[in-house]
Amino acid sequence: MIRQMIEIDGSEGEGGGQVVRNACALSLATGQPFRIVRVRGKRSKPGLMRQHVTAIEAALAIGGAFAEGVAVGSSEMSFTPRAVTPGEYRFAVGTAGSTNLVFQTVVMPLLLADAPSRLVLEGGTHNVMAPPFEFIERAFVPVLRRMGARIALRLDRHGFYPRGGGRIEIDIQPSKLVPIDCLERGALRAVSATAIFAGLPFDIADRELAAARKVLPDWPDDAFTVRQLKDDQGPGNALLLEAEFEQVTEVVTGFGKLGVSAESLAKTAATRMAGFLASDAFAGPYLADQLLLPFALAGGGTFTTVKPGGHARTAADVIRLFTGQQWVFEQLPDGKHLVRRRA
């Protein structure tokens, strides 16, 4: 049966690469083809970037799909899926393109397949504009497991911008996702601040931790640690702030880059963490972005979050095009938002 092509304007909403990734995942999960015009139309450099092309190529590989316009710089593309084929796959993003964005594109279709899969993803694991491996491992995947997903993943090697060279491995067992309610995060169990660096002066990590302490004065001294990697995994640096609650873990990251001081990076990340701690929402803004797709494919569920951003609302728009589901964001009296499927 030939299904009608879903038409998407890639410049609407947040206007970035998330539209491409979610559309590929939903297309493989629902069997519906799509076309996107004005790809990444709101970005300073519109069109597909290398990491978006790799994510689409990964979707093509697992879905035996056909696509047009899949090239770096392309502003229009189409994608026609076939049945998802589980198995062993290796995808190399190149330089520091995000392995985790490729993971987000293919994980849901492979979970819904009828046999196990194993992924090896090579490229960037810790780079700006994408969640780091620790966020995927400690914040996102645990919620998927509560929904019934069977996923194991490990980081073999860090990959920082601009060099890349990282490697992660993921084992996925076929799983039936069930709706869950994530309204409360529970009591705070532990906090940590880890400055990771490779091939850079040690004092960068010290300065980051000192700046973070000023914003998070209630955190114990032993929560602040430095992790030095081998020089051949750098140069690179990331500050990971983690708050583990009974029901969920939040991971906030500051990425080192030229032109941004250690103090500025740490202050920005710590301020974001302090803002989340001041709320009692289940999900931070980045986790909320990621949860909409699995919740939609499970057919329902609810979660609370801080003020939803453009990524979350755009994800809801793309989900509606493929499934007909309407996901709404209701502000509650205490300021947080309830995310649910409209009946």
# chains A, B, ... in the order shown; residues from 1 in each chain; ligands from 1
>>> select_by_dssp(residues="stretch 86-277 of chain A", states="strand (DSSP E)", output="NGL selection string")
:A and (88-92 or 117-123 or 150-157 or 166-173 or 181-182 or 188-198 or 224-228 or 236-245 or 249-255)
>>> write_last_selection(atoms="C-alpha atoms", output="CSV table (one decimal), in the first residue's frame")
chain,number,residue,atom,x,y,z
A,88,GLU,CA,24.5,-5.4,13.7
A,89,TYR,CA,25.3,-1.9,12.5
A,90,ARG,CA,28.3,0.4,12.6
A,91,PHE,CA,27.9,4.1,11.8
A,92,ALA,CA,30.8,6.6,11.7
A,117,SER,CA,20.3,-5.3,17.4
A,118,ARG,CA,23.8,-4.1,18.2
A,119,LEU,CA,25.1,-0.7,17.3
A,120,VAL,CA,28.6,0.7,17.2
A,121,LEU,CA,28.6,4.5,16.8
A,122,GLU,CA,31.9,6.4,16.2
A,123,GLY,CA,32.4,10.2,16.2
A,150,ARG,CA,15.8,-3.4,27.1
A,151,ILE,CA,18.9,-1.4,26.3
A,152,ALA,CA,22.5,-1.7,27.4
A,153,LEU,CA,25.1,0.8,26.3
A,154,ARG,CA,28.7,1.7,27.1
A,155,LEU,CA,31.3,4.3,26.3
A,156,ASP,CA,34.5,2.9,24.9
A,157,ARG,CA,36.3,6.1,24.1
A,166,GLY,CA,34.8,8.5,20.2
A,167,ARG,CA,33.0,5.2,20.3
A,168,ILE,CA,29.9,3.9,22.0
A,169,GLU,CA,28.3,0.4,21.8
A,170,ILE,CA,24.6,-0.3,22.3
A,171,ASP,CA,22.7,-3.6,22.6
A,172,ILE,CA,19.0,-3.4,21.9
A,173,GLN,CA,16.5,-6.1,22.6
A,181,ASP,CA,3.4,8.5,34.5
A,182,CYS,CA,6.4,10.5,35.6
A,188,LEU,CA,17.4,13.9,46.1
A,189,ARG,CA,19.9,11.0,46.6
A,190,ALA,CA,23.2,12.4,45.3
A,191,VAL,CA,24.9,15.2,43.4
A,192,SER,CA,28.2,15.4,41.6
A,193,ALA,CA,30.3,17.8,39.5
A,194,THR,CA,32.9,16.2,37.3
A,195,ALA,CA,35.4,18.1,35.2
A,196,ILE,CA,36.6,15.9,32.4
A,197,PHE,CA,39.6,16.9,30.3
A,198,ALA,CA,42.2,15.5,27.9
A,224,PHE,CA,33.5,18.0,43.0
A,225,THR,CA,36.0,15.8,41.2
A,226,VAL,CA,38.4,15.9,38.2
A,227,ARG,CA,38.8,13.2,35.6
A,228,GLN,CA,41.8,13.3,33.4
A,236,GLY,CA,38.7,18.3,24.9
A,237,ASN,CA,36.8,19.3,28.1
A,238,ALA,CA,33.4,18.9,29.6
A,239,LEU,CA,31.9,19.8,32.9
A,240,LEU,CA,29.2,17.3,34.0
A,241,LEU,CA,26.7,18.3,36.7
A,242,GLU,CA,24.5,15.4,37.9
A,243,ALA,CA,21.6,15.3,40.4
A,244,GLU,CA,20.2,11.8,41.1
A,245,PHE,CA,16.7,11.6,42.4
A,249,THR,CA,18.6,11.8,37.1
A,250,GLU,CA,19.3,15.2,35.6
A,251,VAL,CA,22.6,15.8,33.8
A,252,VAL,CA,23.6,19.3,32.9
A,253,THR,CA,26.7,19.8,30.8
A,254,GLY,CA,29.1,22.6,29.9
A,255,PHE,CA,31.3,22.0,26.9
>>> residues_around(residues="A:Pro308", least_positions_apart="6", cutoff="10 Å", atoms="only C-alpha atoms", output="list in words")
Ala283, Gly284, Pro285, Tyr286, Ala288, Asp289, Phe329, Glu330, Gln331, Lys336, His337, Leu338 and Val339 of chain A
>>> write_last_selection(atoms="all heavy atoms", output="short mmCIF file (atom, residue, chain, number, x, y, z; two decimals), in the first residue's frame")
data_model
loop_
_atom_site.label_atom_id
_atom_site.label_comp_id
_atom_site.auth_asym_id
_atom_site.auth_seq_id
_atom_site.Cartn_x
_atom_site.Cartn_y
_atom_site.Cartn_z
N ALA A 283 11.27 16.24 34.68
CA ALA A 283 12.24 16.32 33.59
C ALA A 283 12.74 17.74 33.38
O ALA A 283 11.97 18.70 33.41
CB ALA A 283 11.60 15.81 32.28
N GLY A 284 14.04 17.85 33.14
CA GLY A 284 14.60 19.11 32.68
C GLY A 284 14.24 19.34 31.23
O GLY A 284 13.65 18.47 30.57
N PRO A 285 14.61 20.49 30.67
CA PRO A 285 14.18 20.81 29.30
C PRO A 285 14.71 19.84 28.25
O PRO A 285 14.00 19.51 27.30
CB PRO A 285 14.72 22.23 29.08
CG PRO A 285 15.82 22.38 30.10
CD PRO A 285 15.40 21.57 31.28
N TYR A 286 15.94 19.34 28.40
CA TYR A 286 16.49 18.45 27.37
C TYR A 286 15.89 17.05 27.47
O TYR A 286 15.63 16.42 26.45
CB TYR A 286 18.02 18.41 27.50
CG TYR A 286 18.66 19.74 27.21
CD1 TYR A 286 19.24 20.49 28.23
CD2 TYR A 286 18.66 20.28 25.93
CE1 TYR A 286 19.80 21.73 27.98
CE2 TYR A 286 19.21 21.51 25.66
CZ TYR A 286 19.78 22.24 26.69
OH TYR A 286 20.33 23.48 26.44
N ALA A 288 12.89 16.44 28.54
CA ALA A 288 11.52 16.58 28.02
C ALA A 288 11.51 16.47 26.50
O ALA A 288 10.62 15.83 25.92
CB ALA A 288 10.93 17.92 28.46
N ASP A 289 12.50 17.07 25.83
CA ASP A 289 12.58 16.96 24.37
C ASP A 289 12.65 15.51 23.93
O ASP A 289 12.03 15.12 22.94
CB ASP A 289 13.84 17.68 23.86
CG ASP A 289 13.82 19.18 24.13
OD1 ASP A 289 12.74 19.71 24.44
OD2 ASP A 289 14.89 19.79 24.02
N PHE A 329 0.90 20.93 26.61
CA PHE A 329 1.74 21.37 27.72
C PHE A 329 0.88 22.27 28.60
O PHE A 329 0.57 23.40 28.22
CB PHE A 329 2.95 22.14 27.20
CG PHE A 329 3.77 21.37 26.19
CD1 PHE A 329 3.41 21.37 24.84
CD2 PHE A 329 4.88 20.64 26.59
CE1 PHE A 329 4.16 20.67 23.91
CE2 PHE A 329 5.63 19.93 25.66
CZ PHE A 329 5.27 19.94 24.32
N GLU A 330 0.49 21.78 29.76
CA GLU A 330 -0.39 22.52 30.65
C GLU A 330 0.41 23.08 31.83
O GLU A 330 1.01 22.31 32.58
CB GLU A 330 -1.50 21.61 31.18
CG GLU A 330 -2.43 21.06 30.11
CD GLU A 330 -3.48 20.14 30.69
OE1 GLU A 330 -3.42 19.87 31.92
OE2 GLU A 330 -4.35 19.70 29.94
N GLN A 331 0.39 24.40 31.97
CA GLN A 331 1.10 24.99 33.10
C GLN A 331 0.31 24.76 34.38
O GLN A 331 -0.89 25.04 34.45
CB GLN A 331 1.34 26.48 32.89
CG GLN A 331 2.20 27.09 34.00
CD GLN A 331 2.68 28.48 33.67
OE1 GLN A 331 2.35 29.03 32.62
NE2 GLN A 331 3.48 29.06 34.55
N LYS A 336 5.47 24.52 37.07
CA LYS A 336 5.93 23.49 36.15
C LYS A 336 4.82 23.15 35.16
O LYS A 336 3.69 23.61 35.28
CB LYS A 336 6.41 22.25 36.90
CG LYS A 336 5.37 21.50 37.70
CD LYS A 336 6.00 20.26 38.32
CE LYS A 336 5.00 19.46 39.15
NZ LYS A 336 4.76 20.05 40.48
N HIS A 337 5.14 22.33 34.15
CA HIS A 337 4.19 21.99 33.10
C HIS A 337 3.91 20.49 33.09
O HIS A 337 4.84 19.68 33.25
CB HIS A 337 4.71 22.42 31.74
CG HIS A 337 4.69 23.90 31.53
ND1 HIS A 337 5.54 24.77 32.20
CD2 HIS A 337 3.91 24.68 30.72
CE1 HIS A 337 5.29 26.00 31.81
NE2 HIS A 337 4.32 25.98 30.93
N LEU A 338 2.67 20.15 32.86
CA LEU A 338 2.26 18.75 32.68
C LEU A 338 2.18 18.48 31.18
O LEU A 338 1.48 19.20 30.46
CB LEU A 338 0.91 18.49 33.34
CG LEU A 338 0.29 17.11 33.09
CD1 LEU A 338 1.13 16.03 33.78
CD2 LEU A 338 -1.15 17.06 33.58
N VAL A 339 2.88 17.45 30.74
CA VAL A 339 2.86 17.05 29.34
C VAL A 339 2.03 15.78 29.23
O VAL A 339 2.31 14.78 29.90
CB VAL A 339 4.29 16.81 28.80
CG1 VAL A 339 4.26 16.49 27.32
CG2 VAL A 339 5.17 18.02 29.08
#
>>> closest_residue(among="A:Ala205, A:Ala296, A:Ile36, A:Gln290", to="A:Ala130", atoms="only C-alpha atoms")
A:Gln290
>>> closest_atom_pairs(of="stretch 86-171 of chain A", to="stretch 57-79 of chain A", cutoff="8 Å", atoms="only C-alpha atoms", output="Markdown table")
| residue | atom | partner | partner_atom | distance |
| --- | --- | --- | --- | --- |
| A:Pro86 | CA | A:Ile62 | CA | 6.7 |
| A:Phe91 | CA | A:Ala58 | CA | 6.8 |
| A:Val102 | CA | A:Ala58 | CA | 7.2 |
| A:Thr105 | CA | A:Ala59 | CA | 6.9 |
| A:Val106 | CA | A:Ala59 | CA | 6.0 |
| A:Leu110 | CA | A:Ile62 | CA | 7.9 |
>>> write_last_selection(atoms="N, CA and C atoms", output="PDB file, in the first residue's frame")
ATOM      1  N   PRO A  86      16.391  -5.568  12.052  1.00  0.00           N
ATOM      2  CA  PRO A  86      17.336  -5.567  13.176  1.00  0.00           C
ATOM      3  C   PRO A  86      18.621  -6.298  12.784  1.00  0.00           C
ATOM      4  N   PHE A  91      28.044   2.809  12.460  1.00  0.00           N
ATOM      5  CA  PHE A  91      27.902   4.097  11.794  1.00  0.00           C
ATOM      6  C   PHE A  91      28.984   5.043  12.307  1.00  0.00           C
ATOM      7  N   VAL A 102      22.647  10.301  16.334  1.00  0.00           N
ATOM      8  CA  VAL A 102      22.372   9.118  15.513  1.00  0.00           C
ATOM      9  C   VAL A 102      21.620   8.077  16.346  1.00  0.00           C
ATOM     10  N   THR A 105      18.019   8.741  16.604  1.00  0.00           N
ATOM     11  CA  THR A 105      17.274   8.519  15.359  1.00  0.00           C
ATOM     12  C   THR A 105      16.846   7.076  15.193  1.00  0.00           C
ATOM     13  N   VAL A 106      17.688   6.138  15.599  1.00  0.00           N
ATOM     14  CA  VAL A 106      17.427   4.729  15.282  1.00  0.00           C
ATOM     15  C   VAL A 106      16.970   3.890  16.467  1.00  0.00           C
ATOM     16  N   LEU A 110      14.405   0.401  16.300  1.00  0.00           N
ATOM     17  CA  LEU A 110      15.036  -0.887  16.598  1.00  0.00           C
ATOM     18  C   LEU A 110      14.425  -1.538  17.836  1.00  0.00           C
TER      19      LEU A 110
END
>>> closest_atom_pairs(of="stretch 181-212 of chain A", to="stretch 272-280 of chain A", cutoff="10 Å", atoms="only C-alpha atoms", output="Markdown table")
| residue | atom | partner | partner_atom | distance |
| --- | --- | --- | --- | --- |
| A:Leu183 | CA | A:Asp280 | CA | 9.3 |
| A:Glu184 | CA | A:Asp280 | CA | 7.3 |
| A:Arg185 | CA | A:Asp280 | CA | 7.2 |
| A:Gly186 | CA | A:Asp280 | CA | 8.7 |
| A:Ala187 | CA | A:Asp280 | CA | 9.9 |
| A:Leu188 | CA | A:Leu277 | CA | 9.4 |
| A:Ala212 | CA | A:Met273 | CA | 9.9 |
>>> atom_distance(atom1="atom CA of A:Gln104", atom2="atom CA of A:Arg163")
21.7 Å
>>> closest_residue(among="A:Gly199, A:Gly309, A:Gly299, A:Pro220", to="A:Trp327", atoms="only C-alpha atoms")
A:Gly299
>>> select_by_dssp(residues="stretch 253-313 of chain A", states="alpha helix (DSSP H)", output="VMD selection string")
chain A and resid 262 to 278 285 to 298 310 to 313
>>> write_last_selection(atoms="C-alpha atoms", output="JSON list (two decimals), in the first residue's frame")
[["chain", "number", "residue", "atom", "x", "y", "z"],
["A", 262, "ALA", "CA", 36.31, 27.94, 32.20],
["A", 263, "GLU", "CA", 34.54, 30.25, 34.66],
["A", 264, "SER", "CA", 31.86, 31.29, 32.17],
["A", 265, "LEU", "CA", 31.21, 27.71, 31.06],
["A", 266, "ALA", "CA", 30.86, 26.48, 34.63],
["A", 267, "LYS", "CA", 28.68, 29.37, 35.78],
["A", 268, "THR", "CA", 26.24, 28.83, 32.92],
["A", 269, "ALA", "CA", 25.97, 25.08, 33.55],
["A", 270, "ALA", "CA", 25.67, 25.46, 37.32],
["A", 271, "THR", "CA", 23.00, 28.13, 36.97],
["A", 272, "ARG", "CA", 20.97, 25.78, 34.78],
["A", 273, "MET", "CA", 21.32, 23.02, 37.37],
["A", 274, "ALA", "CA", 20.35, 25.40, 40.17],
["A", 275, "GLY", "CA", 17.24, 26.36, 38.22],
["A", 276, "PHE", "CA", 16.23, 22.72, 37.83],
["A", 277, "LEU", "CA", 16.82, 22.03, 41.53],
["A", 278, "ALA", "CA", 14.61, 25.00, 42.44],
["A", 285, "PRO", "CA", 14.18, 20.81, 29.30],
["A", 286, "TYR", "CA", 16.49, 18.45, 27.37],
["A", 287, "LEU", "CA", 15.01, 15.28, 28.83],
["A", 288, "ALA", "CA", 11.52, 16.58, 28.02],
["A", 289, "ASP", "CA", 12.58, 16.96, 24.37],
["A", 290, "GLN", "CA", 13.67, 13.32, 24.26],
["A", 291, "LEU", "CA", 10.69, 11.80, 26.09],
["A", 292, "LEU", "CA", 7.98, 12.95, 23.69],
["A", 293, "LEU", "CA", 8.87, 10.44, 20.97],
["A", 294, "PRO", "CA", 8.90, 7.25, 23.13],
["A", 295, "PHE", "CA", 5.79, 8.39, 24.99],
["A", 296, "ALA", "CA", 4.00, 8.91, 21.68],
["A", 297, "LEU", "CA", 5.07, 5.49, 20.37],
["A", 298, "ALA", "CA", 3.89, 3.94, 23.64],
["A", 310, "GLY", "CA", 10.83, 25.21, 21.12],
["A", 311, "HIS", "CA", 12.37, 21.76, 20.67],
["A", 312, "ALA", "CA", 9.64, 20.08, 22.73],
["A", 313, "ARG", "CA", 6.81, 21.92, 20.99]]
>>> closest_residue(among="A:Val248, A:Pro179, A:Arg43, A:Leu258", to="A:Arg138", atoms="only C-alpha atoms")
A:Val248
>>> residues_around(residues="A:Arg146", least_positions_apart="4", cutoff="9 Å", atoms="only C-alpha atoms", output="VMD selection string")
chain A and resid 141 to 142 177 to 178 180
>>> write_last_selection(atoms="all heavy atoms", output="compact mmCIF listing (two decimals), in the first residue's frame")
# COMPACT_ATOMS: atom_id res chain seq x y z
N VAL A 141 17.91 6.88 28.99
CA VAL A 141 17.70 5.43 28.89
C VAL A 141 17.02 4.84 30.13
O VAL A 141 16.16 3.95 29.99
CB VAL A 141 19.02 4.70 28.56
CG1 VAL A 141 18.89 3.19 28.78
CG2 VAL A 141 19.42 4.99 27.11
N PRO A 142 17.32 5.29 31.36
CA PRO A 142 16.59 4.74 32.50
C PRO A 142 15.07 4.92 32.42
O PRO A 142 14.32 4.05 32.87
CB PRO A 142 17.18 5.50 33.70
CG PRO A 142 18.58 5.80 33.27
CD PRO A 142 18.45 6.13 31.81
N LEU A 177 6.86 -1.01 24.43
CA LEU A 177 6.81 0.14 25.32
C LEU A 177 5.41 0.33 25.88
O LEU A 177 4.42 0.20 25.16
CB LEU A 177 7.24 1.40 24.57
CG LEU A 177 8.67 1.42 24.02
CD1 LEU A 177 8.94 2.74 23.32
CD2 LEU A 177 9.69 1.16 25.10
N VAL A 178 5.34 0.63 27.16
CA VAL A 178 4.05 0.85 27.81
C VAL A 178 4.03 2.27 28.38
O VAL A 178 5.06 2.80 28.79
CB VAL A 178 3.79 -0.18 28.93
CG1 VAL A 178 3.73 -1.57 28.35
CG2 VAL A 178 4.87 -0.09 30.01
N ILE A 180 3.76 5.28 30.91
CA ILE A 180 4.01 5.45 32.33
C ILE A 180 3.75 6.90 32.71
O ILE A 180 3.71 7.78 31.85
CB ILE A 180 5.46 5.06 32.73
CG1 ILE A 180 6.47 5.94 32.00
CG2 ILE A 180 5.72 3.58 32.47
CD1 ILE A 180 7.92 5.73 32.46
>>> closest_residue(among="A:Ser261, A:Phe103, A:Val93, A:Gly301", to="A:Ala211", atoms="only C-alpha atoms")
A:Ser261
>>> decode(residues="stretch 137-203 of chain A", atoms="C-alpha atoms", output="mmCIF file, in the first residue's frame")
data_model
loop_
_atom_site.group_PDB
_atom_site.id
_atom_site.type_symbol
_atom_site.label_atom_id
_atom_site.label_comp_id
_atom_site.auth_asym_id
_atom_site.auth_seq_id
_atom_site.Cartn_x
_atom_site.Cartn_y
_atom_site.Cartn_z
ATOM 1 C CA GLU A 137 23.038 6.710 29.814
ATOM 2 C CA ARG A 138 21.834 8.209 33.100
ATOM 3 C CA ALA A 139 18.877 10.462 32.255
ATOM 4 C CA PHE A 140 17.183 9.202 29.077
ATOM 5 C CA VAL A 141 17.699 5.428 28.886
ATOM 6 C CA PRO A 142 16.590 4.736 32.504
ATOM 7 C CA VAL A 143 13.164 6.226 31.685
ATOM 8 C CA LEU A 144 12.990 4.051 28.562
ATOM 9 C CA ARG A 145 13.748 1.009 30.724
ATOM 10 C CA ARG A 146 10.844 1.895 33.009
ATOM 11 C CA MET A 147 8.662 1.865 29.888
ATOM 12 C CA GLY A 148 9.827 -1.667 29.070
ATOM 13 C CA ALA A 149 12.841 -0.994 26.850
ATOM 14 C CA ARG A 150 15.780 -3.368 27.098
ATOM 15 C CA ILE A 151 18.896 -1.389 26.252
ATOM 16 C CA ALA A 152 22.515 -1.708 27.365
ATOM 17 C CA LEU A 153 25.136 0.832 26.337
ATOM 18 C CA ARG A 154 28.717 1.686 27.112
ATOM 19 C CA LEU A 155 31.262 4.345 26.282
ATOM 20 C CA ASP A 156 34.474 2.864 24.887
ATOM 21 C CA ARG A 157 36.256 6.120 24.094
ATOM 22 C CA HIS A 158 35.495 9.818 24.505
ATOM 23 C CA GLY A 159 35.247 11.980 21.409
ATOM 24 C CA PHE A 160 35.479 15.771 21.820
ATOM 25 C CA TYR A 161 34.952 18.545 19.293
ATOM 26 C CA PRO A 162 36.644 19.092 16.872
ATOM 27 C CA ARG A 163 38.673 15.869 16.768
ATOM 28 C CA GLY A 164 35.958 13.293 17.468
ATOM 29 C CA GLY A 165 37.216 9.723 17.550
ATOM 30 C CA GLY A 166 34.786 8.545 20.222
ATOM 31 C CA ARG A 167 33.038 5.184 20.254
ATOM 32 C CA ILE A 168 29.904 3.892 21.968
ATOM 33 C CA GLU A 169 28.298 0.440 21.783
ATOM 34 C CA ILE A 170 24.593 -0.275 22.260
ATOM 35 C CA ASP A 171 22.720 -3.563 22.572
ATOM 36 C CA ILE A 172 18.968 -3.381 21.925
ATOM 37 C CA GLN A 173 16.458 -6.140 22.606
ATOM 38 C CA PRO A 174 12.987 -6.026 21.018
ATOM 39 C CA SER A 175 10.653 -4.381 23.521
ATOM 40 C CA LYS A 176 7.037 -3.357 23.898
ATOM 41 C CA LEU A 177 6.811 0.141 25.320
ATOM 42 C CA VAL A 178 4.049 0.849 27.807
ATOM 43 C CA PRO A 179 2.774 4.263 28.943
ATOM 44 C CA ILE A 180 4.012 5.445 32.333
ATOM 45 C CA ASP A 181 3.382 8.482 34.518
ATOM 46 C CA CYS A 182 6.416 10.509 35.563
ATOM 47 C CA LEU A 183 4.966 13.234 37.731
ATOM 48 C CA GLU A 184 7.320 13.288 40.732
ATOM 49 C CA ARG A 185 11.091 12.926 40.814
ATOM 50 C CA GLY A 186 11.301 11.860 44.464
ATOM 51 C CA ALA A 187 13.925 12.725 47.051
ATOM 52 C CA LEU A 188 17.412 13.867 46.085
ATOM 53 C CA ARG A 189 19.902 11.023 46.552
ATOM 54 C CA ALA A 190 23.226 12.365 45.327
ATOM 55 C CA VAL A 191 24.899 15.206 43.435
ATOM 56 C CA SER A 192 28.194 15.381 41.573
ATOM 57 C CA ALA A 193 30.271 17.766 39.501
ATOM 58 C CA THR A 194 32.935 16.183 37.293
ATOM 59 C CA ALA A 195 35.367 18.147 35.161
ATOM 60 C CA ILE A 196 36.590 15.876 32.362
ATOM 61 C CA PHE A 197 39.574 16.916 30.275
ATOM 62 C CA ALA A 198 42.158 15.478 27.907
ATOM 63 C CA GLY A 199 45.215 17.098 26.367
ATOM 64 C CA LEU A 200 44.610 20.418 28.158
ATOM 65 C CA PRO A 201 46.079 22.173 31.228
ATOM 66 C CA PHE A 202 44.868 20.797 34.573
ATOM 67 C CA ASP A 203 43.978 24.248 35.874
#
